[in-house]
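Chemist: So here's structure-v3.pdb, just PDB, C-alpha atoms, pLDDT in the B column:
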```
MODEL        1
ATOM      1  CA  MET L   1     -47.965   6.066  47.656  1.00 71.00           C
ATOM      2  CA  VAL L   2     -48.160   8.371  44.673  1.00 82.00           C
ATOM      3  CA  LEU L   3     -44.946  10.065  43.574  1.00 91.00           C
ATOM      4  CA  SER L   4     -44.972  13.815  43.122  1.00 95.00           C
ATOM      5  CA  SER L   5     -43.641  15.277  39.896  1.00 96.00           C
ATOM      6  CA  ARG L   6     -40.382  15.867  41.792  1.00 97.00           C
ATOM      7  CA  GLY L   7     -40.016  12.140  42.507  1.00 97.00           C
ATOM      8  CA  LYS L   8     -41.056  11.108  38.990  1.00 97.00           C
ATOM      9  CA  TYR L   9     -38.667  13.525  37.313  1.00 98.00           C
ATOM     10  CA  ALA L  10     -35.801  12.607  39.654  1.00 98.00           C
ATOM     11  CA  THR L  11     -36.149   8.924  38.847  1.00 98.00           C
ATOM     12  CA  ARG L  12     -36.409   9.640  35.105  1.00 98.00           C
ATOM     13  CA  ALA L  13     -33.303  11.843  35.239  1.00 98.00           C
ATOM     14  CA  LEU L  14     -31.382   9.093  37.036  1.00 98.00           C
ATOM     15  CA  LEU L  15     -32.558   6.543  34.484  1.00 98.00           C
ATOM     16  CA  ASP L  16     -31.277   8.809  31.719  1.00 98.00           C
ATOM     17  CA  LEU L  17     -27.912   9.187  33.469  1.00 98.00           C
ATOM     18  CA  SER L  18     -27.798   5.406  33.997  1.00 98.00           C
ATOM     19  CA  LEU L  19     -28.329   4.867  30.270  1.00 97.00           C
ATOM     20  CA  HIS L  20     -25.357   7.162  29.601  1.00 96.00           C
ATOM     21  CA  TYR L  21     -23.157   5.941  32.454  1.00 96.00           C
ATOM     22  CA  GLU L  22     -19.416   5.907  31.614  1.00 91.00           C
ATOM     23  CA  LYS L  23     -20.009   7.990  28.478  1.00 94.00           C
ATOM     24  CA  GLY L  24     -19.068  11.264  30.180  1.00 92.00           C
ATOM     25  CA  PRO L  25     -21.209  14.058  31.579  1.00 96.00           C
ATOM     26  CA  VAL L  26     -24.650  14.577  30.074  1.00 97.00           C
ATOM     27  CA  GLN L  27     -25.873  18.083  29.372  1.00 96.00           C
ATOM     28  CA  ILE L  28     -28.980  19.085  31.251  1.00 97.00           C
ATOM     29  CA  HIS L  29     -30.871  20.176  28.132  1.00 96.00           C
ATOM     30  CA  ALA L  30     -30.352  16.698  26.624  1.00 97.00           C
ATOM     31  CA  ILE L  31     -31.852  15.037  29.701  1.00 98.00           C
ATOM     32  CA  ALA L  32     -34.747  17.509  29.712  1.00 98.00           C
ATOM     33  CA  GLU L  33     -35.485  16.883  26.046  1.00 97.00           C
ATOM     34  CA  ARG L  34     -35.250  13.087  26.159  1.00 97.00           C
ATOM     35  CA  GLN L  35     -37.233  12.761  29.387  1.00 97.00           C
ATOM     36  CA  LYS L  36     -39.717  15.557  28.642  1.00 97.00           C
ATOM     37  CA  ILE L  37     -38.912  17.412  31.871  1.00 97.00           C
ATOM     38  CA  PRO L  38     -39.158  21.215  32.056  1.00 97.00           C
ATOM     39  CA  LEU L  39     -35.579  22.531  32.081  1.00 97.00           C
ATOM     40  CA  LYS L  40     -35.986  24.927  35.032  1.00 97.00           C
ATOM     41  CA  TYR L  41     -37.574  22.189  37.145  1.00 97.00           C
ATOM     42  CA  LEU L  42     -34.875  19.704  36.142  1.00 98.00           C
ATOM     43  CA  GLU L  43     -32.213  22.168  37.325  1.00 97.00           C
ATOM     44  CA  GLN L  44     -33.783  22.160  40.801  1.00 97.00           C
ATOM     45  CA  ILE L  45     -34.123  18.377  40.836  1.00 98.00           C
ATOM     46  CA  LEU L  46     -30.529  17.776  39.768  1.00 98.00           C
ATOM     47  CA  LEU L  47     -29.307  20.159  42.478  1.00 98.00           C
ATOM     48  CA  ALA L  48     -31.290  18.166  45.044  1.00 98.00           C
ATOM     49  CA  LEU L  49     -29.914  14.890  43.655  1.00 98.00           C
ATOM     50  CA  LYS L  50     -26.415  16.363  43.866  1.00 98.00           C
ATOM     51  CA  ARG L  51     -26.953  17.393  47.515  1.00 98.00           C
ATOM     52  CA  GLU L  52     -28.119  13.837  48.252  1.00 98.00           C
ATOM     53  CA  GLY L  53     -24.977  12.375  46.636  1.00 98.00           C
ATOM     54  CA  PHE L  54     -26.610  10.737  43.611  1.00 98.00           C
ATOM     55  CA  VAL L  55     -25.098  12.938  40.891  1.00 98.00           C
ATOM     56  CA  ASN L  56     -22.023  15.021  40.182  1.00 97.00           C
ATOM     57  CA  SER L  57     -21.799  18.075  37.975  1.00 96.00           C
ATOM     58  CA  ARG L  58     -18.988  19.546  35.940  1.00 94.00           C
ATOM     59  CA  LYS L  59     -19.006  23.055  34.511  1.00 92.00           C
ATOM     60  CA  GLY L  60     -17.573  24.264  31.251  1.00 87.00           C
ATOM     61  CA  PRO L  61     -17.080  22.688  27.836  1.00 86.00           C
ATOM     62  CA  GLY L  62     -17.749  18.966  28.021  1.00 85.00           C
ATOM     63  CA  GLY L  63     -19.516  19.511  31.325  1.00 90.00           C
ATOM     64  CA  GLY L  64     -22.858  18.312  32.533  1.00 96.00           C
ATOM     65  CA  TYR L  65     -24.202  15.765  34.986  1.00 98.00           C
ATOM     66  CA  SER L  66     -23.157  12.202  35.716  1.00 97.00           C
ATOM     67  CA  LEU L  67     -23.948   9.619  38.348  1.00 98.00           C
ATOM     68  CA  ALA L  68     -21.876   9.974  41.514  1.00 98.00           C
ATOM     69  CA  LYS L  69     -21.703   6.187  41.844  1.00 97.00           C
ATOM     70  CA  PRO L  70     -22.419   3.212  39.594  1.00 98.00           C
ATOM     71  CA  PRO L  71     -26.082   2.492  38.734  1.00 98.00           C
ATOM     72  CA  HIS L  72     -25.892  -0.855  40.544  1.00 98.00           C
ATOM     73  CA  SER L  73     -25.271   0.946  43.840  1.00 98.00           C
ATOM     74  CA  ILE L  74     -28.203   3.384  43.631  1.00 98.00           C
ATOM     75  CA  THR L  75     -31.534   1.909  44.669  1.00 98.00           C
ATOM     76  CA  LEU L  76     -34.891   3.233  43.650  1.00 98.00           C
ATOM     77  CA  GLY L  77     -35.887   3.183  47.322  1.00 97.00           C
ATOM     78  CA  ALA L  78     -33.031   5.497  48.334  1.00 97.00           C
ATOM     79  CA  VAL L  79     -33.950   7.999  45.620  1.00 98.00           C
ATOM     80  CA  VAL L  80     -37.674   7.944  46.393  1.00 97.00           C
ATOM     81  CA  ARG L  81     -36.993   8.472  50.105  1.00 96.00           C
ATOM     82  CA  ALA L  82     -34.573  11.321  49.361  1.00 96.00           C
ATOM     83  CA  MET L  83     -37.057  13.082  47.105  1.00 97.00           C
ATOM     84  CA  GLU L  84     -40.377  12.179  48.743  1.00 94.00           C
ATOM     85  CA  GLY L  85     -39.691  11.210  52.341  1.00 91.00           C
ATOM     86  CA  PRO L  86     -40.879   8.013  54.050  1.00 87.00           C
ATOM     87  CA  LEU L  87     -42.433   5.234  51.949  1.00 87.00           C
ATOM     88  CA  SER L  88     -45.201   4.479  54.409  1.00 82.00           C
ATOM     89  CA  PRO L  89     -48.786   5.278  53.408  1.00 79.00           C
ATOM     90  CA  MET L  90     -49.532   6.245  57.037  1.00 80.00           C
ATOM     91  CA  SER L  91     -47.303   8.013  59.561  1.00 81.00           C
ATOM     92  CA  CYS L  92     -48.032   5.371  62.214  1.00 83.00           C
ATOM     93  CA  ALA L  93     -46.445   2.692  60.026  1.00 81.00           C
ATOM     94  CA  SER L  94     -43.364   4.700  59.063  1.00 80.00           C
ATOM     95  CA  VAL L  95     -39.888   3.607  60.107  1.00 81.00           C
ATOM     96  CA  SER L  96     -38.190   6.977  59.602  1.00 79.00           C
ATOM     97  CA  GLY L  97     -41.120   9.357  60.053  1.00 81.00           C
ATOM     98  CA  TYR L  98     -43.220   7.671  62.740  1.00 81.00           C
ATOM     99  CA  ALA L  99     -46.032   9.739  64.211  1.00 83.00           C
ATOM    100  CA  GLU L 100     -49.290   8.727  65.855  1.00 83.00           C
ATOM    101  CA  CYS L 101     -52.170   8.776  63.396  1.00 83.00           C
ATOM    102  CA  GLY L 102     -54.867   9.457  65.941  1.00 84.00           C
ATOM    103  CA  CYS L 103     -56.358   5.982  66.266  1.00 84.00           C
ATOM    104  CA  PRO L 104     -57.641   5.129  69.767  1.00 87.00           C
ATOM    105  CA  GLU L 105     -55.433   2.033  70.351  1.00 87.00           C
ATOM    106  CA  PRO L 106     -52.159   2.204  68.335  1.00 81.00           C
ATOM    107  CA  ALA L 107     -50.674  -0.909  69.971  1.00 83.00           C
ATOM    108  CA  THR L 108     -53.592  -3.115  68.884  1.00 88.00           C
ATOM    109  CA  CYS L 109     -54.656  -1.381  65.676  1.00 87.00           C
ATOM    110  CA  GLY L 110     -55.285  -3.889  62.886  1.00 89.00           C
ATOM    111  CA  LEU L 111     -55.079  -1.146  60.266  1.00 88.00           C
ATOM    112  CA  ARG L 112     -51.583  -0.211  61.425  1.00 85.00           C
ATOM    113  CA  VAL L 113     -50.455  -3.809  60.862  1.00 89.00           C
ATOM    114  CA  VAL L 114     -51.756  -3.724  57.279  1.00 90.00           C
ATOM    115  CA  TRP L 115     -50.146  -0.329  56.619  1.00 88.00           C
ATOM    116  CA  LYS L 116     -46.829  -1.747  57.882  1.00 90.00           C
ATOM    117  CA  GLU L 117     -47.176  -4.763  55.569  1.00 92.00           C
ATOM    118  CA  ALA L 118     -47.838  -2.444  52.629  1.00 90.00           C
ATOM    119  CA  ARG L 119     -44.834  -0.307  53.546  1.00 91.00           C
ATOM    120  CA  ASP L 120     -42.620  -3.393  53.893  1.00 93.00           C
ATOM    121  CA  ALA L 121     -43.723  -4.780  50.513  1.00 95.00           C
ATOM    122  CA  LEU L 122     -43.098  -1.474  48.762  1.00 95.00           C
ATOM    123  CA  ALA L 123     -39.726  -1.068  50.488  1.00 95.00           C
ATOM    124  CA  ALA L 124     -38.687  -4.585  49.473  1.00 97.00           C
ATOM    125  CA  VAL L 125     -39.360  -3.863  45.792  1.00 97.00           C
ATOM    126  CA  LEU L 126     -37.857  -0.358  45.732  1.00 97.00           C
ATOM    127  CA  ASP L 127     -34.825  -1.230  47.876  1.00 97.00           C
ATOM    128  CA  GLY L 128     -34.236  -4.371  45.843  1.00 98.00           C
ATOM    129  CA  THR L 129     -34.244  -2.501  42.535  1.00 98.00           C
ATOM    130  CA  THR L 130     -31.155  -0.614  41.389  1.00 98.00           C
ATOM    131  CA  PHE L 131     -30.819   1.822  38.540  1.00 98.00           C
ATOM    132  CA  ALA L 132     -28.748  -0.817  36.740  1.00 98.00           C
ATOM    133  CA  ASP L 133     -31.808  -3.114  36.950  1.00 98.00           C
ATOM    134  CA  ILE L 134     -34.064  -0.335  35.667  1.00 98.00           C
ATOM    135  CA  ARG L 135     -31.608   0.525  32.863  1.00 97.00           C
ATOM    136  CA  ASP L 136     -31.460  -3.134  31.807  1.00 96.00           C
ATOM    137  CA  ARG L 137     -35.261  -3.438  31.803  1.00 96.00           C
ATOM    138  CA  HIS L 138     -35.539  -0.217  29.814  1.00 95.00           C
ATOM    139  CA  GLU L 139     -33.098  -1.458  27.187  1.00 93.00           C
ATOM    140  CA  THR L 140     -34.792  -4.875  26.973  1.00 93.00           C
ATOM    141  CA  LEU L 141     -38.221  -3.292  26.535  1.00 92.00           C
ATOM    142  CA  GLY L 142     -36.818  -0.958  23.871  1.00 86.00           C
ATOM    143  CA  ALA L 143     -35.351  -3.890  21.936  1.00 85.00           C
ATOM    144  CA  GLN L 144     -38.634  -5.824  22.187  1.00 85.00           C
ATOM    145  CA  HIS L 145     -40.596  -2.790  21.001  1.00 77.00           C
ATOM    146  CA  GLU L 146     -38.308  -2.402  17.984  1.00 77.00           C
ATOM    147  CA  LYS L 147     -38.874  -6.069  17.058  1.00 73.00           C
ATOM    148  CA  VAL L 148     -42.633  -5.542  17.191  1.00 71.00           C
ATOM    149  CA  LEU L 149     -42.308  -2.503  14.950  1.00 65.00           C
ATOM    150  CA  ASP L 150     -40.121  -4.464  12.509  1.00 67.00           C
ATOM    151  CA  TYR L 151     -42.796  -7.165  12.238  1.00 68.00           C
ATOM    152  CA  ALA L 152     -45.528  -4.583  11.689  1.00 62.00           C
ATOM    153  CA  ILE L 153     -43.734  -3.086   8.705  1.00 59.00           C
TER     154      ILE L 153
ENDMDL
END
```
Rewrite the coordinates I just gave you, this time as structure tokens.
Modeler:
Amino acid sequence: MVLSSRGKYATRALLDLSLHYEKGPVQIHAIAERQKIPLKYLEQILLALKREGFVNSRKGPGGGYSLAKPPHSITLGAVVRAMEGPLSPMSCASVSGYAECGCPEPATCGLRVVWKEARDALAAVLDGTTFADIRDRHETLGAQHEKVLDYAI
């Protein structure tokens, strides 16, 4: 599975909001600048994330976007499915978007079994990873990178 720009930008926007969780709403232009996402496209993505219940928005002074629920209760799998659809690499192995793929014997197809295993492995990782986990990894990697830069100087 390869994420579209919509899926990539949605996950980056949610990471940014996770990094600023409990600090109040974040202005859209700040997210766009930090995450290098075109502002007009980010507007569309945040509206979709709002419709899906991942973010809230507040208008006016001090307004912006914030997570609708804590980062530990938003999984990467839920976001990817909301933005991209089923995780399966083939429709015949999909749980939510099953469709015959055209093979002659679907019930005994060895390829279908492998596609299901791939889907299950991907789902296990994405559904087992929350935005709190991603935020923590991001912060740890940032701290490690700063140490490396300190040693280089």
Chemist: Hey, what comes out of the PyMOL selection byres ((chain L and resi 69) around 12) on this file? Could you write it as a list of chain:residue names?
Modeler: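 Evaluating the PyMOL selection byres ((chain L and resi 69) around 12) on this file yields L:Leu14, L:Leu17, L:Ser18, L:Tyr21, L:Glu22, L:Lys50, L:Glu52, L:Gly53, L:Phe54, L:Val55, L:Asn56, L:Ser66, L:Leu67, L:Ala68, L:Pro70, L:Pro71, L:His72, L:Ser73, L:Ile74, L:Thr75, L:Thr130, L:Phe131, L:Ala132.
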Chemist: Using all atoms listed in the file, determine which residues lie at most 7 Å from segment 89-92 of chain L, disregarding the query and same-chain residues fewer than 6 positions distant; provide the list as a PyMOL selection string.
Modeler: chain L and resi 1+98-101+112+115+119
Chemist: Extract, using all atoms listed in the file, all DNA, RNA and protein residues at most 12 Å from Ala78 of chain L, discarding same-chain residues fewer than 6 positions from it, and format them as a PyMOL selection string.
Modeler: chain L and resi 7+10-11+14+49+52-54+84-87+123-131
Chemist: Atom CA of Val79 of chain L and atom CA of Val26 of chain L, how far apart in Å?
Modeler: 19.3 Å
Chemist: For His29 of chain L, work out the shell of residues within 12 Å, counting all atoms listed in the file and skipping chain neighbours fewer than 6 positions away, then give it as a VMD selection string.
Modeler: chain L and resid 13 16 35 to 43 46 63 to 65
Chemist: Separation of atom CA of Lys8 of chain L and atom CA of Ala121 of chain L, in Å?
Modeler: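 Here the two named atoms are 19.8 Å from each other.
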Chemist: Which distance in Å separates atom CA of Ser96 of chain L and atom CA of Val2 of chain L, to one decimal?
Modeler: 18.0 Å
Chemist: Which residue, L:Gly24, L:Leu3, L:Leu76, L:Arg51, has the smallest gap to Arg135 of chain L when you use all atoms listed in the file?
Modeler: L:Leu76
Chemist: Of the candidates L:Gln27, L:Gln44, L:Ser88, L:Ser94, which one gets nearest to Pro61 of chain L if we count all atoms listed in the file?
Modeler: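 Of L:Gln27, L:Gln44, L:Ser88, L:Ser94, the one nearest Pro61 of chain L is L:Gln27, counting all atoms listed in the file.
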Chemist: Need a file for segment 36-51 of chain L from that block: all heavy atoms, written as a short mmCIF file (atom, residue, chain, number, x, y, z; two decimals), in the first residue's frame.
Modeler:
```cif
data_model
loop_
_atom_site.label_atom_id
_atom_site.label_comp_id
_atom_site.auth_asym_id
_atom_site.auth_seq_id
_atom_site.Cartn_x
_atom_site.Cartn_y
_atom_site.Cartn_z
N LYS L 36 5.14 21.50 5.92
CA LYS L 36 5.38 21.69 4.49
C LYS L 36 4.23 21.12 3.65
O LYS L 36 4.44 20.34 2.71
CB LYS L 36 6.72 21.14 4.06
CG LYS L 36 7.89 21.80 4.79
CD LYS L 36 9.22 21.31 4.32
CE LYS L 36 10.40 21.92 5.00
NZ LYS L 36 10.29 22.87 6.03
N ILE L 37 3.00 21.53 4.02
CA ILE L 37 1.79 21.11 3.33
C ILE L 37 1.17 22.35 2.70
O ILE L 37 1.01 23.37 3.38
CB ILE L 37 0.79 20.47 4.32
CG1 ILE L 37 1.40 19.27 5.04
CG2 ILE L 37 -0.49 20.06 3.58
CD1 ILE L 37 0.53 18.72 6.18
N PRO L 38 0.81 22.29 1.42
CA PRO L 38 0.15 23.45 0.80
C PRO L 38 -1.12 23.83 1.59
O PRO L 38 -1.95 22.95 1.91
CB PRO L 38 -0.20 22.96 -0.61
CG PRO L 38 0.77 21.84 -0.86
CD PRO L 38 1.00 21.19 0.47
N LEU L 39 -1.26 25.10 1.90
CA LEU L 39 -2.34 25.57 2.76
C LEU L 39 -3.73 25.19 2.24
O LEU L 39 -4.57 24.70 3.00
CB LEU L 39 -2.24 27.09 2.94
CG LEU L 39 -3.23 27.72 3.92
CD1 LEU L 39 -3.06 27.16 5.32
CD2 LEU L 39 -3.05 29.23 3.94
N LYS L 40 -3.98 25.41 0.96
CA LYS L 40 -5.31 25.10 0.40
C LYS L 40 -5.62 23.61 0.51
O LYS L 40 -6.76 23.22 0.76
CB LYS L 40 -5.41 25.56 -1.06
CG LYS L 40 -5.41 27.05 -1.22
CD LYS L 40 -6.69 27.65 -0.66
CE LYS L 40 -6.73 29.15 -0.89
NZ LYS L 40 -7.83 29.77 -0.17
N TYR L 41 -4.62 22.78 0.30
CA TYR L 41 -4.82 21.33 0.40
C TYR L 41 -5.04 20.94 1.86
O TYR L 41 -5.89 20.10 2.17
CB TYR L 41 -3.62 20.60 -0.20
CG TYR L 41 -3.87 19.16 -0.56
CD1 TYR L 41 -5.14 18.65 -0.78
CD2 TYR L 41 -2.80 18.29 -0.68
CE1 TYR L 41 -5.34 17.33 -1.12
CE2 TYR L 41 -2.99 16.96 -1.02
CZ TYR L 41 -4.26 16.49 -1.23
OH TYR L 41 -4.46 15.17 -1.56
N LEU L 42 -4.30 21.56 2.76
CA LEU L 42 -4.45 21.27 4.18
C LEU L 42 -5.86 21.64 4.66
O LEU L 42 -6.44 20.93 5.49
CB LEU L 42 -3.40 22.01 5.00
CG LEU L 42 -3.42 21.76 6.51
CD1 LEU L 42 -3.27 20.27 6.84
CD2 LEU L 42 -2.33 22.57 7.20
N GLU L 43 -6.42 22.72 4.15
CA GLU L 43 -7.80 23.09 4.51
C GLU L 43 -8.75 21.95 4.19
O GLU L 43 -9.61 21.59 5.01
CB GLU L 43 -8.22 24.36 3.76
CG GLU L 43 -7.54 25.61 4.23
CD GLU L 43 -7.83 26.82 3.35
OE1 GLU L 43 -8.49 26.67 2.29
OE2 GLU L 43 -7.40 27.92 3.73
N GLN L 44 -8.63 21.37 3.00
CA GLN L 44 -9.49 20.26 2.60
C GLN L 44 -9.28 19.03 3.49
O GLN L 44 -10.23 18.36 3.88
CB GLN L 44 -9.21 19.87 1.14
CG GLN L 44 -9.53 20.94 0.14
CD GLN L 44 -9.02 20.58 -1.24
OE1 GLN L 44 -8.82 19.41 -1.56
NE2 GLN L 44 -8.81 21.58 -2.08
N ILE L 45 -8.03 18.75 3.79
CA ILE L 45 -7.70 17.58 4.61
C ILE L 45 -8.24 17.74 6.02
O ILE L 45 -8.83 16.81 6.59
CB ILE L 45 -6.18 17.34 4.60
CG1 ILE L 45 -5.76 16.84 3.22
CG2 ILE L 45 -5.76 16.37 5.70
CD1 ILE L 45 -4.29 16.88 2.95
N LEU L 46 -8.07 18.92 6.61
CA LEU L 46 -8.57 19.14 7.96
C LEU L 46 -10.10 19.08 8.01
O LEU L 46 -10.66 18.60 8.99
CB LEU L 46 -8.05 20.46 8.52
CG LEU L 46 -6.55 20.44 8.88
CD1 LEU L 46 -6.05 21.84 9.20
CD2 LEU L 46 -6.28 19.49 10.04
N LEU L 47 -10.76 19.53 6.96
CA LEU L 47 -12.23 19.40 6.91
C LEU L 47 -12.63 17.92 6.88
O LEU L 47 -13.57 17.52 7.56
CB LEU L 47 -12.80 20.13 5.70
CG LEU L 47 -12.84 21.65 5.81
CD1 LEU L 47 -13.30 22.27 4.49
CD2 LEU L 47 -13.75 22.09 6.94
N ALA L 48 -11.91 17.13 6.11
CA ALA L 48 -12.18 15.69 6.07
C ALA L 48 -11.91 15.04 7.42
O ALA L 48 -12.70 14.22 7.90
CB ALA L 48 -11.35 15.01 4.98
N LEU L 49 -10.81 15.42 8.06
CA LEU L 49 -10.48 14.89 9.39
C LEU L 49 -11.53 15.31 10.42
O LEU L 49 -11.86 14.55 11.34
CB LEU L 49 -9.09 15.33 9.82
CG LEU L 49 -7.93 14.69 9.05
CD1 LEU L 49 -6.62 15.40 9.39
CD2 LEU L 49 -7.84 13.20 9.35
N LYS L 50 -12.07 16.50 10.26
CA LYS L 50 -13.13 16.97 11.15
C LYS L 50 -14.40 16.14 10.94
O LYS L 50 -15.03 15.70 11.91
CB LYS L 50 -13.41 18.45 10.90
CG LYS L 50 -14.43 19.04 11.85
CD LYS L 50 -14.60 20.53 11.60
CE LYS L 50 -15.69 21.07 12.53
NZ LYS L 50 -15.89 22.51 12.34
N ARG L 51 -14.77 15.92 9.68
CA ARG L 51 -15.95 15.08 9.37
C ARG L 51 -15.81 13.68 9.96
O ARG L 51 -16.79 13.07 10.37
CB ARG L 51 -16.16 14.98 7.86
CG ARG L 51 -16.91 16.12 7.25
CD ARG L 51 -17.34 15.82 5.81
NE ARG L 51 -16.26 15.41 4.94
CZ ARG L 51 -15.47 16.22 4.25
NH1 ARG L 51 -15.63 17.52 4.32
NH2 ARG L 51 -14.51 15.75 3.47
#
```
